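The file start-v2.txt comes next; it holds compact mmCIF, C-alpha atoms.
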```txt
# COMPACT_ATOMS: atom_id res chain seq x y z
CA MET A 116 82.24 58.34 -25.15
CA ILE A 117 78.60 59.05 -25.96
CA LEU A 118 77.53 57.10 -22.84
CA LYS A 119 79.19 59.78 -20.69
CA THR A 120 76.83 62.41 -22.13
CA ILE A 121 73.76 60.54 -20.83
CA GLU A 122 72.87 61.65 -17.29
CA HIS A 123 73.95 58.99 -14.79
CA GLN A 124 75.07 58.23 -11.23
CA GLU A 125 77.54 55.62 -10.04
CA ASN A 126 77.74 53.57 -6.84
CA ILE A 127 74.11 54.31 -5.95
CA ASP A 128 72.20 53.38 -2.80
CA LEU A 129 69.44 51.15 -4.14
CA ARG A 130 67.25 51.78 -1.10
CA ASN A 131 66.51 55.17 -2.68
CA PHE A 132 65.08 53.49 -5.77
CA CYS A 133 62.42 51.29 -4.18
CA THR A 134 59.51 52.15 -1.91
CA ILE A 135 60.29 49.49 0.72
CA LYS A 136 63.81 50.93 1.24
CA VAL A 137 65.72 47.63 1.22
CA GLY A 138 68.84 46.78 -0.77
CA GLY A 139 72.54 47.26 -1.36
CA LYS A 140 74.47 49.21 -3.97
CA GLY A 141 74.09 49.57 -7.72
CA LYS A 142 77.07 50.16 -9.98
CA ILE A 143 75.36 52.69 -12.23
CA VAL A 144 71.97 54.16 -13.07
CA TYR A 145 71.25 56.14 -16.24
CA PHE A 146 68.54 58.77 -16.66
CA PRO A 147 67.86 59.00 -20.41
CA LYS A 148 65.85 61.95 -21.75
CA ASP A 149 64.38 60.29 -24.85
CA HIS A 150 64.02 57.01 -26.74
CA LYS A 151 67.26 57.62 -28.65
CA GLU A 152 69.29 57.57 -25.45
CA ILE A 153 67.45 54.44 -24.28
CA SER A 154 68.36 52.76 -27.59
CA ILE A 155 72.02 53.67 -27.12
CA LEU A 156 72.03 52.08 -23.66
CA ILE A 157 70.28 48.91 -24.79
CA LYS A 158 72.74 48.47 -27.67
CA GLU A 159 75.70 48.98 -25.31
CA TYR A 160 74.62 46.80 -22.39
CA ASP A 161 72.95 43.39 -22.16
CA ASN A 162 71.85 43.63 -18.51
CA ILE A 163 69.57 46.69 -18.62
CA TYR A 164 66.89 46.93 -15.93
CA PRO A 165 64.21 49.66 -16.13
CA LEU A 166 63.39 51.64 -12.99
CA GLY A 167 60.49 53.89 -12.07
CA ILE A 168 59.13 54.51 -8.58
CA GLY A 169 60.12 50.95 -7.62
CA SER A 170 56.93 50.17 -5.75
CA ASN A 171 57.14 46.42 -6.40
CA LEU A 172 60.93 46.01 -6.40
CA ILE A 173 63.21 44.58 -3.72
CA PHE A 174 66.97 44.73 -4.19
CA SER A 175 69.40 42.23 -2.72
CA ASP A 176 72.29 43.15 -0.46
CA GLY A 177 75.82 43.83 -1.66
CA VAL A 178 76.51 45.16 -5.15
CA VAL A 179 73.81 44.45 -7.72
CA ASN A 180 75.62 43.98 -11.02
CA ARG A 181 73.08 45.48 -13.40
CA VAL A 182 72.79 48.63 -15.46
CA PHE A 183 69.71 50.49 -14.29
CA VAL A 184 67.79 52.84 -16.57
CA HIS A 185 65.52 55.23 -14.70
CA SER A 186 62.54 57.00 -16.24
CA LYS A 187 62.62 60.24 -14.19
CA ASN A 188 63.38 62.37 -17.27
CA LEU A 189 60.63 60.76 -19.38
CA LYS A 190 57.70 62.85 -18.17
CA LYS A 191 56.13 64.34 -21.28
CA TYR A 192 52.44 63.73 -21.96
CA GLU A 193 49.77 64.88 -24.39
CA ILE A 194 45.99 65.01 -24.19
CA GLU A 195 43.60 64.78 -27.13
CA ASN A 196 39.88 64.31 -27.19
CA GLN A 197 37.15 63.30 -29.60
CA ASN A 198 33.81 64.32 -28.12
CA ASP A 199 33.55 62.38 -24.82
CA ILE A 200 36.63 60.22 -25.44
CA PHE A 201 39.99 61.44 -24.12
CA TYR A 202 43.41 60.00 -24.97
CA ILE A 203 46.40 60.53 -22.67
CA THR A 204 49.71 59.67 -24.34
CA ALA A 205 52.32 59.56 -21.59
CA GLU A 206 56.02 58.72 -21.45
CA ALA A 207 57.20 56.00 -19.10
CA GLY A 208 58.15 58.32 -16.24
CA VAL A 209 54.76 60.03 -15.94
CA SER A 210 53.44 59.20 -12.48
CA PHE A 211 49.95 57.97 -11.65
CA LYS A 212 49.58 61.16 -9.59
CA THR A 213 49.98 63.17 -12.79
CA VAL A 214 47.43 61.00 -14.60
CA VAL A 215 45.03 61.49 -11.67
CA SER A 216 45.41 65.27 -11.96
CA VAL A 217 44.39 65.06 -15.63
CA VAL A 218 41.53 62.69 -14.84
CA LYS A 219 40.19 65.07 -12.19
CA LYS A 220 40.61 68.16 -14.36
CA TYR A 221 38.53 66.72 -17.22
CA ASN A 222 36.30 64.49 -15.05
CA LEU A 223 37.28 61.25 -16.78
CA GLU A 224 36.20 57.81 -15.63
CA GLY A 225 38.10 54.52 -15.70
CA PHE A 226 41.14 55.37 -13.59
CA GLU A 227 39.46 55.56 -10.17
CA ASN A 228 40.56 52.14 -8.88
CA LEU A 229 44.15 52.72 -9.99
CA SER A 230 44.42 56.20 -8.52
CA GLY A 231 46.21 55.27 -5.30
CA ILE A 232 48.90 53.03 -6.78
CA PRO A 233 52.41 54.49 -6.39
CA ALA A 234 53.55 53.88 -9.95
CA THR A 235 54.78 55.33 -13.20
CA VAL A 236 53.08 54.61 -16.50
CA GLY A 237 56.02 52.55 -17.76
CA GLY A 238 56.35 50.32 -14.71
CA ALA A 239 52.61 49.89 -14.40
CA THR A 240 52.36 48.80 -18.03
CA ALA A 241 55.21 46.31 -17.68
CA MET A 242 53.56 44.57 -14.71
CA ASN A 243 49.95 45.30 -15.74
CA ALA A 244 49.39 47.00 -12.39
CA GLY A 245 45.91 46.85 -10.93
CA ALA A 246 43.72 47.19 -7.88
CA TYR A 247 40.10 46.63 -6.87
CA GLY A 248 39.33 44.61 -9.99
CA SER A 249 40.82 47.09 -12.47
CA GLU A 250 44.14 46.99 -14.32
CA ILE A 251 45.97 49.41 -16.56
CA PHE A 252 45.45 47.27 -19.66
CA ASP A 253 41.73 48.04 -19.32
CA LEU A 254 42.70 51.54 -20.50
CA ILE A 255 45.73 50.99 -22.73
CA GLU A 256 45.27 51.49 -26.47
CA GLU A 257 48.85 51.52 -27.73
CA VAL A 258 52.41 51.09 -26.45
CA TRP A 259 55.69 52.37 -27.88
CA TRP A 260 58.57 50.21 -26.71
CA ILE A 261 62.24 49.59 -27.44
CA ASP A 262 63.36 46.04 -28.16
CA ARG A 263 66.64 44.28 -27.35
CA GLU A 264 68.20 45.54 -30.58
CA GLY A 265 67.41 49.14 -29.66
CA ARG A 266 64.58 49.55 -32.20
CA LEU A 267 61.51 51.62 -31.37
CA ASN A 268 58.32 49.55 -31.82
CA HIS A 269 54.67 50.61 -31.81
CA SER A 270 52.10 47.98 -30.79
CA LYS A 271 48.32 48.09 -30.55
CA LYS A 272 46.78 46.60 -27.42
CA GLU A 273 45.54 43.52 -29.29
CA GLU A 274 49.11 42.78 -30.42
CA ILE A 275 50.48 42.70 -26.86
CA LYS A 276 50.62 39.67 -24.59
CA TYR A 277 49.27 40.50 -21.14
CA SER A 278 47.37 38.88 -18.28
CA TYR A 279 46.89 39.27 -14.53
CA ARG A 280 49.93 41.21 -13.22
CA TYR A 281 51.88 40.37 -16.36
CA SER A 282 52.83 41.81 -19.71
CA GLN A 283 55.39 40.75 -22.27
CA PHE A 284 57.46 43.82 -21.32
CA GLN A 285 58.59 42.08 -18.14
CA ASN A 286 60.73 39.87 -20.37
CA GLU A 287 61.43 41.97 -23.43
CA GLY A 288 61.84 45.61 -24.24
CA PHE A 289 61.66 48.96 -22.47
CA VAL A 290 58.27 50.67 -22.32
CA TYR A 291 58.81 54.18 -23.68
CA LYS A 292 55.32 55.63 -24.14
CA VAL A 293 51.70 54.55 -23.61
CA LYS A 294 48.34 55.79 -24.90
CA LEU A 295 45.41 55.51 -22.48
CA LYS A 296 41.73 55.84 -23.41
CA LEU A 297 39.25 57.34 -20.93
CA ARG A 298 35.72 58.66 -21.16
CA LYS A 299 34.11 61.87 -19.93
CA SER A 300 31.88 61.08 -16.96
CA ASP A 301 28.60 62.35 -15.53
CA LYS A 302 29.81 61.31 -12.04
CA ASN A 303 31.88 63.44 -9.68
CA ILE A 304 35.20 61.73 -10.37
CA SER A 305 37.19 63.88 -7.92
CA GLU A 306 34.88 62.86 -5.10
CA ILE A 307 35.02 59.18 -6.08
CA ILE A 308 38.83 59.27 -6.11
CA LYS A 309 38.92 61.06 -2.76
CA ASN A 310 36.71 58.39 -1.16
CA HIS A 311 38.69 55.63 -2.83
CA LEU A 312 41.95 56.97 -1.41
CA LEU A 313 40.44 57.27 2.07
CA ASP A 314 39.32 53.63 1.87
CA ARG A 315 42.74 52.55 0.60
CA ASN A 316 44.52 54.38 3.40
CA SER A 317 42.30 52.71 6.00
CA LYS A 318 43.04 49.19 4.71
CA GLN A 319 46.69 49.36 3.66
CA PRO A 320 49.87 50.24 5.61
CA LEU A 321 50.76 53.33 3.63
CA ASP A 322 52.40 55.05 6.61
CA LEU A 323 55.45 52.74 6.41
CA PRO A 324 57.84 51.78 3.60
CA THR A 325 56.19 48.92 1.70
CA ALA A 326 56.47 47.13 -1.62
CA GLY A 327 52.71 46.94 -2.14
CA SER A 328 51.07 43.57 -2.61
CA THR A 329 53.64 40.87 -1.92
CA TYR A 330 51.88 37.95 -3.64
CA LYS A 331 49.46 37.58 -6.51
CA ASN A 332 46.01 36.42 -5.48
CA PRO A 333 45.61 32.70 -6.24
CA PRO A 334 42.46 31.74 -8.20
CA GLY A 335 39.39 31.84 -5.98
CA THR A 336 41.04 33.31 -2.89
CA TYR A 337 43.25 36.11 -1.60
CA ALA A 338 46.92 35.93 -0.68
CA GLY A 339 46.39 38.12 2.38
CA LYS A 340 43.66 35.80 3.65
CA LEU A 341 45.97 32.79 3.33
CA ILE A 342 48.88 34.54 5.08
CA GLU A 343 46.58 35.58 7.91
CA ALA A 344 45.17 32.05 8.18
CA VAL A 345 48.63 30.58 8.83
CA GLY A 346 49.24 33.08 11.61
CA LEU A 347 51.64 35.49 9.90
CA LYS A 348 49.60 38.70 9.87
CA GLY A 349 51.72 41.13 11.90
CA TYR A 350 54.58 38.61 12.11
CA ARG A 351 58.08 40.15 12.07
CA ILE A 352 61.66 39.07 11.63
CA ASN A 353 63.62 41.97 13.09
CA ASP A 354 62.59 45.08 11.09
CA ILE A 355 60.64 43.36 8.29
CA GLY A 356 57.14 42.01 8.72
CA PHE A 357 53.73 41.35 7.26
CA SER A 358 51.54 44.31 8.11
CA GLU A 359 49.06 44.15 10.98
CA LYS A 360 46.66 46.09 8.76
CA HIS A 361 46.92 43.92 5.60
CA ALA A 362 48.72 40.58 5.66
CA ASN A 363 49.76 40.70 1.98
CA PHE A 364 51.87 43.83 2.54
CA LEU A 365 55.49 43.62 3.64
CA VAL A 366 56.52 46.65 5.69
CA ASN A 367 59.88 48.01 6.75
CA TYR A 368 59.70 48.98 10.42
CA GLY A 369 63.02 50.80 10.41
CA ASN A 370 66.17 49.27 8.98
CA ALA A 371 65.02 46.03 7.38
CA GLU A 372 67.60 43.70 5.85
CA PHE A 373 67.24 41.66 2.69
CA LYS A 374 68.24 38.38 4.36
CA ASP A 375 65.39 38.71 6.89
CA LEU A 376 62.95 39.61 4.14
CA ILE A 377 63.79 36.46 2.19
CA LYS A 378 63.40 34.33 5.33
CA LEU A 379 59.95 35.81 5.86
CA LEU A 380 58.87 35.16 2.27
CA GLU A 381 60.10 31.57 2.41
CA LEU A 382 58.31 31.03 5.73
CA ALA A 383 55.00 32.29 4.34
CA GLU A 384 55.32 30.24 1.16
CA ARG A 385 56.12 27.08 3.11
CA LYS A 386 53.29 27.52 5.61
CA VAL A 387 50.66 28.27 2.94
CA LEU A 388 51.81 25.30 0.86
CA ASP A 389 51.70 22.97 3.87
CA GLU A 390 48.31 24.19 5.07
CA PHE A 391 46.42 24.77 1.81
CA ASN A 392 48.54 23.08 -0.91
CA ILE A 393 48.76 26.46 -2.67
CA ASN A 394 51.98 27.84 -4.12
CA LEU A 395 52.06 31.58 -3.47
CA GLU A 396 53.37 33.45 -6.52
CA ARG A 397 55.37 36.56 -5.75
CA GLU A 398 54.12 39.84 -7.15
CA VAL A 399 57.21 41.67 -5.87
CA LYS A 400 60.30 41.41 -8.03
CA ILE A 401 63.60 40.41 -6.39
CA ILE A 402 66.52 42.07 -8.18
CA ASP A 403 69.95 40.55 -7.56
```
Final structure tokens representation of the file:
Amino acid sequence: MILKTIEHQENIDLRNFCTIKVGGKGKIVYFPKDHKEISILIKEYDNIYPLGIGSNLIFSDGVVNRVFVHSKNLKKYEIENQNDIFYITAEAGVSFKTVVSVVKKYNLEGFENLSGIPATVGGATAMNAGAYGSEIFDLIEEVWWIDREGRLNHSKKEEIKYSYRYSQFQNEGFVYKVKLKLRKSDKNISEIIKNHLLDRNSKQPLDLPTAGSTYKNPPGTYAGKLIEAVGLKGYRINDIGFSEKHANFLVNYGNAEFKDLIKLLELAERKVLDEFNINLEREVKIID
């Protein structure tokens, strides 16, 4: 009975929960308001999948038999400072746009390269989101997370397993809250972020639905460079394609279907393996 008191929707259109707008239906999505409600859900279900903005998620067609837990109601944050050091403690649903507004207000450095990523704090922590040589674990000090038994844990950065586009929270637990450490700057941070966003917009296809970077960069090279080298930059299968602006970005040109998207991924992976003997590793997450 208590599950009914947690905000939820049934028979949802999953295209509304990912930025590339591809996917079928989900049986149910919950919108907990605090860690206690998350714990209740984790104890009740064994197939929980956390959702935020969904910028790196692609859902399969048909009915996806998972219980989704969305962070839209987890948007509280606090700011504290000690001289030139500022700490932002943010719940999982706090968006990067909100963090950027704080960064600009107090002129804090460290977040500039991350400023254009469409992400929430929780999702970004789980995947160790990054761009332009920076990643969120450069700034993380502590993480509060809920394990598979529904217990709230508190871990220091040095206690957490993380690496390039990976953290242990991809496999265990629900990120509930994160503490970030930033420093007061002598630079004009607002101007730096503005120029960074202009550069990002000029190089990435942000005018179309996209899932962000499709593949992780292999050691010593770039996934986009490899995809372009095998002739797939701008290549389309019906309404899904690799962007003409940046080959490592999948874009939805209208009404893309999951089956075409998978064909395109498999084609790129096969061509790059044949040509360069490199296995492309997907950065996007396929949820089925």
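Shortest separation to Arg397 (chain A) among A:Thr329, A:Asn363, A:Asn370, A:Gln124 occurs at residue A:Thr329, atoms counted being all atoms listed in the file.
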For Gly237 (chain A), which residue out of A:Ala207, A:Ala371, A:Val214, A:Leu395 is the nearest one, using only C-alpha atoms?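 Answer, going by the shortest atom-to-atom distance: A:Ala207.
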Counting only C-alpha atoms, which residue out of A:Thr235, A:Ser230, A:Ser300, A:Asn316 sits closest to Glu206 (chain A)? A:Thr235
Please report the interatomic distance between CA of Gly225 (chain A) and CA of Lys294 (chain A) in Å with one decimal. 13.8 Å
Measuring between only C-alpha atoms, which one of A:Val387, A:Val366, A:Leu189, A:Ile153 shows the shortest distance to Val137 (chain A)?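 Among the listed residues, the smallest separation from Val137 (chain A) belongs to A:Val366.
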Any idea what's packed within 12 Å of Ile232 (chain A), counting all atoms listed in the file, ignoring anything in its chain fewer than 6 positions away? Could you give it as a PyMOL selection string? chain A and resi 134+168-171+210-215+226+238-239+243-247+249-251+308+311-312+315-316+319+321+325-328
Calculated over all atoms listed in the file, which of the candidates A:Glu125, A:Tyr221, A:Ser278, A:Asn131 has the smallest distance to Asp301 (chain A)?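 Among the listed residues, A:Tyr221 lies closest to Asp301 (chain A).
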Using all atoms listed in the file, can you tell me which of A:Asn228, A:Ser154, A:Asn162, A:Gln285 comes closest to Lys400 (chain A)?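 For Lys400 (chain A), the nearest of the given residues is A:Gln285.
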Near-Leu379 (chain A) list (8 Å; only C-alpha atoms; drop same-chain fewer than 2 positions) as a PyMOL selection string: chain A and resi 351-352+355-356+375-377+381-383
So how many Å separate CA of Val290 (chain A) and CA of Ile261 (chain A), to one decimal? 6.6 Å
I want to know what sits within 9 Å of Glu396 (chain A), based on all atoms listed in the file, with residues of the same chain fewer than 5 positions away left out; could you give that as a CSV table (one decimal) with C-alpha atoms, in the frame of the given file?
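Output saved as out_37.csv:
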```
chain,number,residue,atom,x,y,z
A,329,THR,CA,53.6,40.9,-1.9
A,330,TYR,CA,51.9,38.0,-3.6
A,331,LYS,CA,49.5,37.6,-6.5
A,332,ASN,CA,46.0,36.4,-5.5
A,333,PRO,CA,45.6,32.7,-6.2
A,384,GLU,CA,55.3,30.2,1.2
```
Using CA of Ile163 (chain A) and CA of Leu365 (chain A) as the two end points, give the distance in Å to one decimal.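 Separation between CA of Ile163 (chain A) and CA of Leu365 (chain A): 26.5 Å.
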When you look at Ala205 (chain A) with a cut-off of 8 Å (counting all atoms listed in the file), what residues show up, excluding the ones that are within fewer than 5 positions of it in the same chain? I need them as a ChimeraX atom specification. /A:190-193,236,292-294
